[in-house]
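Notes to accompany the following structure.
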Amino acid sequence: MKISKRTVFLVLGILLFLNGLLNIVDDSRILTYDITSILSGIGFLLLGYFERKKV
């Protein structure tokens with residue numbers, strides 16, 4: 001089973017983004033960890049998007 005880099009970036013980005021959002025919802029506070037998780041998730045989503053355009 002061959003998994004492309006684009007798929008890995010997209011899945012990782014979605015999981016990081018959800019991790020940040022769900023952690024904010026869970027304890028009703030915005031911590032540096034949450035912001036970092038959301039921004040890194042967005043970064044991985046962008047990498048996956050640009051990887052798709054390159055292929």
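Here's how to read the names in the structure tokens: chain A, B, ... by the order shown, residue numbers from 1 in each chain, ligand numbers from 1 in the order shown.
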If we count only C-alpha atoms and set the cut-off at 9 Å, which residues sit around Leu22 in chain A, ignoring sequence neighbours fewer than 5 positions away in its own chain? Please answer as a list in words.
Phe17, Asp27 and Asp34 of chain A
Written file, previous selection with N, CA and C atoms, as a PDB file, in the first residue's frame:
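Full text of selection.pdb as output:
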ATOM      1  N   PHE A  17      -5.109  20.320  13.623  1.00  0.00           N
ATOM      2  CA  PHE A  17      -6.101  21.386  13.691  1.00  0.00           C
ATOM      3  C   PHE A  17      -7.228  21.003  14.649  1.00  0.00           C
ATOM      4  N   ASP A  27     -11.448  22.624  27.703  1.00  0.00           N
ATOM      5  CA  ASP A  27     -11.202  23.342  28.961  1.00  0.00           C
ATOM      6  C   ASP A  27     -11.489  24.843  28.871  1.00  0.00           C
ATOM      7  N   ASP A  34      -2.421  25.217  22.248  1.00  0.00           N
ATOM      8  CA  ASP A  34      -3.551  25.155  21.322  1.00  0.00           C
ATOM      9  C   ASP A  34      -3.275  25.968  20.066  1.00  0.00           C
TER      10      ASP A  34
END
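Restricting the calculation to only C-alpha atoms, the smallest distance between Gly48 in chain A and any of A:Lys2, A:Ile30, A:Ile24, A:Gly13 is found for A:Gly13.
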Please compute the CA of Ile35 in chain A-CA of Ile3 in chain A distance, one decimal, in Å.
28.5 Å
Give me, as a ChimeraX atom specification, the residues of range 1-49 of chain A that a backbone DSSP run labels helix (DSSP H, G or I).
/A:5-27,32-49
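When CA of Leu31 in chain A is paired with CA of Leu47 in chain A, their separation reads 24.6 Å.
Between CA of Tyr49 in chain A and CA of Ile14 in chain A the interatomic distance comes to 12.2 Å.
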